[in-house]
Protein chains: 2
Amino acid sequence: MTKRQPALTPLTPRAAEIVSAARDLVEESGPEALTMRVLAERIGIRAPSLYKHFPDKTAVEAALIERGLAELGAAMRAALAAERPVLELLRTYRAQALANPNLYRLSTKGPLPRERLAPGLEDWAGEPFFLAVGEPYLAQALFAFAHGMVILEIDRRFPEGSDLDRTWAEGARAFTAGS
Amino acid sequence: MTKRQPALTPLTPRAAEIVSAARDLVEESGPEALTMRVLAERIGIRAPSLYKHFPDKTAVEAALIERGLAELGAAMRAALAAERPVLELLRTYRAQALANPNLYRLSTKGPLPRERLAPGLEDWAGEPFFLAVGEPYLAQALFAFAHGMVILEIDRRFPEGSDLDRTWAEGARAFTAGS
DNA sequence: ACCGTAAGGCTAACGCTGTTAGCCAGGAGG
DNA sequence: CCTCCTGGCTAACAGCGTTAGCCTTACGGT
């Protein structure tokens, strides 16, 4: 039925260690705190040595994004089994993003580095929206709503004290009313 | 009825000149191309001299964001007069953002620098969503949808060749169906 | 047992960034 | 005329991503 998760681009053990440290760093202090020097220091080496494992900084970021996409995709797929899939999909999307807000920020702060991502991963991660609503246009609209809500919530762009649970509910209602 | 547009934070003539050059620069080459040295060169001075007019770079960015917010708010207000306000509001939001995509990017690449913005401007710019749907929660959801669509479209995050007109239409339908 | 090579560290350095300190010319006001 | 403010300047600093080039270690082949 639902396709298997595409394999992430493989990493040597040391590279995986670096990615793991990078993730901690990003999650603790935000995407802009991810610098090659600080990252290197975390694993006890100097910045130029990182280039023995990754061609450049964006490659490290791409590895992080891959993992974020894979986790989000997996979580959303699990949500599809629920009795009200759209509702549960949104709940999951929000929970997953807010659990790792800075990774979500990093992943969405510009165009996707598609050429660095495991082939098929992007589609695989986006597919649950289609599986939930059964139609590509509404699926993209639902995705846009979910992303808009999450990024605005993470960036505190809604007026202070907004009841976002209710806003999410209202959006979910709008997207499920017609089906 | 609808409130008057709040006054933008005042600028000396020279500061206005700088902001104008900054806007050109951002719109031509993206937010990351806005550097103090390049900006200074545009108006024929050296980077440190900019600090005679603005305390730091974020103040220049805030001035740009103010203008973007004001223009977007004004355009959306005009859209409310249409026969189908929600539809026209979304059309206007999209058109305005895509007309200045890099300014939109700059304005939404993180938390709003609220302390640098003219008081009331943010609320004023967001109010049309409320005026269009007559209810705050749905208004915020609609805003999230619009922002999600625009930023994903600008960042080319939708699959290549997506028929976004139709996605917008589908979203608009979802948000107008219940009213 | 030796030799060659690759892996993975290192230092030094380059050009870029935002920003500060301190200096100096020009004009306005008392 | 003297003073002070405005708005320019140069020099410099720390931090950024990144490159060049060196060196040590370990391993595989003859």
# chains A, B, ... in the order shown; residues from 1 in each chain; ligands from 1
>>> closest_atom_pairs(of="chain C", to="chain B", cutoff="10 Å", atoms="only C-alpha atoms (C1' of nucleotides)", output="Markdown table")
| residue | atom | partner | partner_atom | distance |
| --- | --- | --- | --- | --- |
| C:DT17 | C1' | B:Thr35 | CA | 7.8 |
| C:DG18 | C1' | B:Met36 | CA | 7.6 |
| C:DT19 | C1' | B:Pro48 | CA | 7.9 |
| C:DT20 | C1' | B:Pro48 | CA | 8.9 |
>>> interface_residues(of="chain B", to="chain D", cutoff="10 Å", atoms="only C-alpha atoms (C1' of nucleotides)", output="list in words")
Ile45, Arg46, Pro48, Ser49, Leu50, Tyr51, Lys52 and His53 of chain B
>>> write_last_selection(atoms="N, CA and C atoms", output="short mmCIF file (atom, residue, chain, number, x, y, z; two decimals), in the first residue's frame")
data_model
loop_
_atom_site.label_atom_id
_atom_site.label_comp_id
_atom_site.auth_asym_id
_atom_site.auth_seq_id
_atom_site.Cartn_x
_atom_site.Cartn_y
_atom_site.Cartn_z
N ILE B 45 28.52 55.78 -0.08
CA ILE B 45 29.25 56.01 1.16
C ILE B 45 29.88 54.69 1.62
N ARG B 46 30.54 54.72 2.78
CA ARG B 46 31.13 53.51 3.32
C ARG B 46 30.24 52.94 4.42
N PRO B 48 30.47 51.98 7.57
CA PRO B 48 30.32 52.53 8.93
C PRO B 48 29.45 53.79 8.97
N SER B 49 29.40 54.51 7.87
CA SER B 49 28.60 55.74 7.85
C SER B 49 27.11 55.44 7.98
N LEU B 50 26.71 54.24 7.61
CA LEU B 50 25.30 53.88 7.75
C LEU B 50 24.86 53.97 9.21
N TYR B 51 25.81 53.76 10.10
CA TYR B 51 25.48 53.74 11.52
C TYR B 51 25.22 55.14 12.06
N LYS B 52 25.44 56.14 11.23
CA LYS B 52 25.01 57.49 11.61
C LYS B 52 23.50 57.65 11.40
N HIS B 53 22.89 56.71 10.68
CA HIS B 53 21.48 56.83 10.34
C HIS B 53 20.62 55.73 10.95
#
>>> interface_residues(of="chain B", to="chain A", cutoff="6 Å", atoms="only C-alpha atoms", output="list in words")
Gly110, Pro111, Tyr137, Leu138, Ala141, Ala144, Phe145, His147, Gly148, Met149, Asp155, Thr167, Glu170, Gly171, Ala174 and Phe175 of chain B
>>> select_by_dssp(residues="region 28-71 of chain B", states="alpha helix (DSSP H)", output="compact mmCIF listing (two decimals) with N, CA and C atoms, in the first residue's frame")
# COMPACT_ATOMS: atom_id res chain seq x y z
N GLU B 28 16.18 42.84 -5.70
CA GLU B 28 16.99 42.36 -6.83
C GLU B 28 17.70 41.05 -6.51
N SER B 29 18.22 40.95 -5.31
CA SER B 29 19.17 39.85 -5.05
C SER B 29 18.87 39.03 -3.80
N MET B 36 25.76 45.50 4.78
CA MET B 36 25.99 46.90 5.05
C MET B 36 26.97 47.52 4.05
N ARG B 37 27.95 46.77 3.65
CA ARG B 37 28.93 47.32 2.69
C ARG B 37 28.31 47.56 1.32
N VAL B 38 27.57 46.58 0.85
CA VAL B 38 26.96 46.74 -0.47
C VAL B 38 25.91 47.85 -0.43
N LEU B 39 25.12 47.85 0.65
CA LEU B 39 24.11 48.90 0.77
C LEU B 39 24.75 50.28 0.76
N ALA B 40 25.82 50.42 1.52
CA ALA B 40 26.51 51.71 1.58
C ALA B 40 27.02 52.12 0.19
N GLU B 41 27.59 51.15 -0.50
CA GLU B 41 28.15 51.44 -1.82
C GLU B 41 27.07 51.95 -2.76
N ARG B 42 25.86 51.41 -2.61
CA ARG B 42 24.76 51.82 -3.47
C ARG B 42 24.47 53.31 -3.39
N LYS B 57 21.86 46.86 11.59
CA LYS B 57 21.26 46.34 10.36
C LYS B 57 19.79 45.98 10.56
N THR B 58 19.48 45.43 11.72
CA THR B 58 18.09 45.01 11.92
C THR B 58 17.14 46.20 11.89
N ALA B 59 17.64 47.38 12.20
CA ALA B 59 16.78 48.57 12.11
C ALA B 59 16.45 48.88 10.65
N VAL B 60 17.40 48.68 9.77
CA VAL B 60 17.12 48.87 8.34
C VAL B 60 16.10 47.83 7.89
N GLU B 61 16.30 46.61 8.29
CA GLU B 61 15.35 45.55 7.93
C GLU B 61 13.97 45.86 8.48
N ALA B 62 13.92 46.35 9.70
CA ALA B 62 12.62 46.66 10.29
C ALA B 62 11.91 47.74 9.48
N ALA B 63 12.65 48.71 8.99
CA ALA B 63 12.03 49.76 8.17
C ALA B 63 11.46 49.15 6.89
N LEU B 64 12.17 48.19 6.32
CA LEU B 64 11.66 47.51 5.13
C LEU B 64 10.39 46.74 5.46
N ILE B 65 10.44 46.02 6.57
CA ILE B 65 9.28 45.22 6.96
C ILE B 65 8.07 46.11 7.20
N GLU B 66 8.29 47.23 7.85
CA GLU B 66 7.20 48.17 8.07
C GLU B 66 6.53 48.54 6.76
N ARG B 67 7.33 48.87 5.79
CA ARG B 67 6.76 49.27 4.51
C ARG B 67 6.02 48.11 3.84
N GLY B 68 6.61 46.94 3.93
CA GLY B 68 5.93 45.79 3.36
C GLY B 68 4.60 45.53 4.02
N LEU B 69 4.59 45.59 5.34
CA LEU B 69 3.34 45.37 6.08
C LEU B 69 2.30 46.41 5.70
N ALA B 70 2.73 47.66 5.62
CA ALA B 70 1.79 48.73 5.32
C ALA B 70 1.19 48.55 3.94
N GLU B 71 2.01 48.20 2.97
CA GLU B 71 1.52 48.03 1.61
C GLU B 71 0.58 46.83 1.52
>>> closest_residue(among="A:Ala22, A:Ala78, A:Ala132, A:Leu72", to="Ala95 (chain A)", atoms="only C-alpha atoms")
A:Leu72
>>> residues_around(residues="Lys3 (chain B)", least_positions_apart="2", cutoff="12 Å", atoms="only C-alpha atoms (C1' of nucleotides)", output="list in words")
Met1, Gln5, Pro6, Ala7, Gly73, Ala74, Arg77, Gly120, Leu121, Asp123, Trp124, Ala125, Gly126, Glu127, Pro128 and Leu131 of chain B
>>> atom_distance(atom1="CA of Met76 (chain B)", atom2="CA of Leu89 (chain B)")
5.7 Å
>>> decode(residues="region 18-36 of chain A", atoms="N, CA and C atoms", output="short mmCIF file (atom, residue, chain, number, x, y, z; two decimals), in the first residue's frame")
data_model
loop_
_atom_site.label_atom_id
_atom_site.label_comp_id
_atom_site.auth_asym_id
_atom_site.auth_seq_id
_atom_site.Cartn_x
_atom_site.Cartn_y
_atom_site.Cartn_z
N ILE A 18 28.79 13.52 13.69
CA ILE A 18 28.74 14.97 13.42
C ILE A 18 27.30 15.43 13.27
N VAL A 19 26.53 14.68 12.49
CA VAL A 19 25.13 15.05 12.28
C VAL A 19 24.37 15.06 13.60
N SER A 20 24.67 14.08 14.41
CA SER A 20 23.99 14.03 15.71
C SER A 20 24.33 15.25 16.57
N ALA A 21 25.61 15.61 16.58
CA ALA A 21 26.02 16.80 17.33
C ALA A 21 25.39 18.05 16.73
N ALA A 22 25.31 18.09 15.42
CA ALA A 22 24.71 19.24 14.75
C ALA A 22 23.24 19.38 15.15
N ARG A 23 22.58 18.27 15.22
CA ARG A 23 21.17 18.29 15.58
C ARG A 23 20.99 18.82 17.00
N ASP A 24 21.80 18.32 17.92
CA ASP A 24 21.73 18.82 19.29
C ASP A 24 21.95 20.34 19.31
N LEU A 25 22.98 20.74 18.60
CA LEU A 25 23.33 22.16 18.58
C LEU A 25 22.18 23.01 18.05
N VAL A 26 21.63 22.59 16.93
CA VAL A 26 20.51 23.33 16.34
C VAL A 26 19.33 23.36 17.30
N GLU A 27 19.01 22.21 17.85
CA GLU A 27 17.83 22.16 18.69
C GLU A 27 18.01 22.98 19.95
N GLU A 28 19.24 23.02 20.46
CA GLU A 28 19.48 23.80 21.68
C GLU A 28 19.47 25.31 21.42
N SER A 29 20.07 25.72 20.32
CA SER A 29 20.37 27.14 20.16
C SER A 29 19.91 27.76 18.85
N GLY A 30 19.18 27.01 18.03
CA GLY A 30 18.66 27.59 16.80
C GLY A 30 19.58 27.39 15.61
N PRO A 31 18.99 27.48 14.42
CA PRO A 31 19.73 27.22 13.18
C PRO A 31 20.94 28.14 13.02
N GLU A 32 20.83 29.37 13.46
CA GLU A 32 21.93 30.31 13.24
C GLU A 32 23.10 30.02 14.17
N ALA A 33 22.88 29.18 15.18
CA ALA A 33 23.98 28.82 16.08
C ALA A 33 24.81 27.67 15.52
N LEU A 34 24.33 27.09 14.45
CA LEU A 34 25.09 25.99 13.82
C LEU A 34 26.23 26.58 13.00
N THR A 35 27.39 26.66 13.58
CA THR A 35 28.57 27.13 12.85
C THR A 35 29.60 26.01 12.83
N MET A 36 30.40 26.02 11.82
CA MET A 36 31.36 24.94 11.65
C MET A 36 32.34 24.88 12.82
#
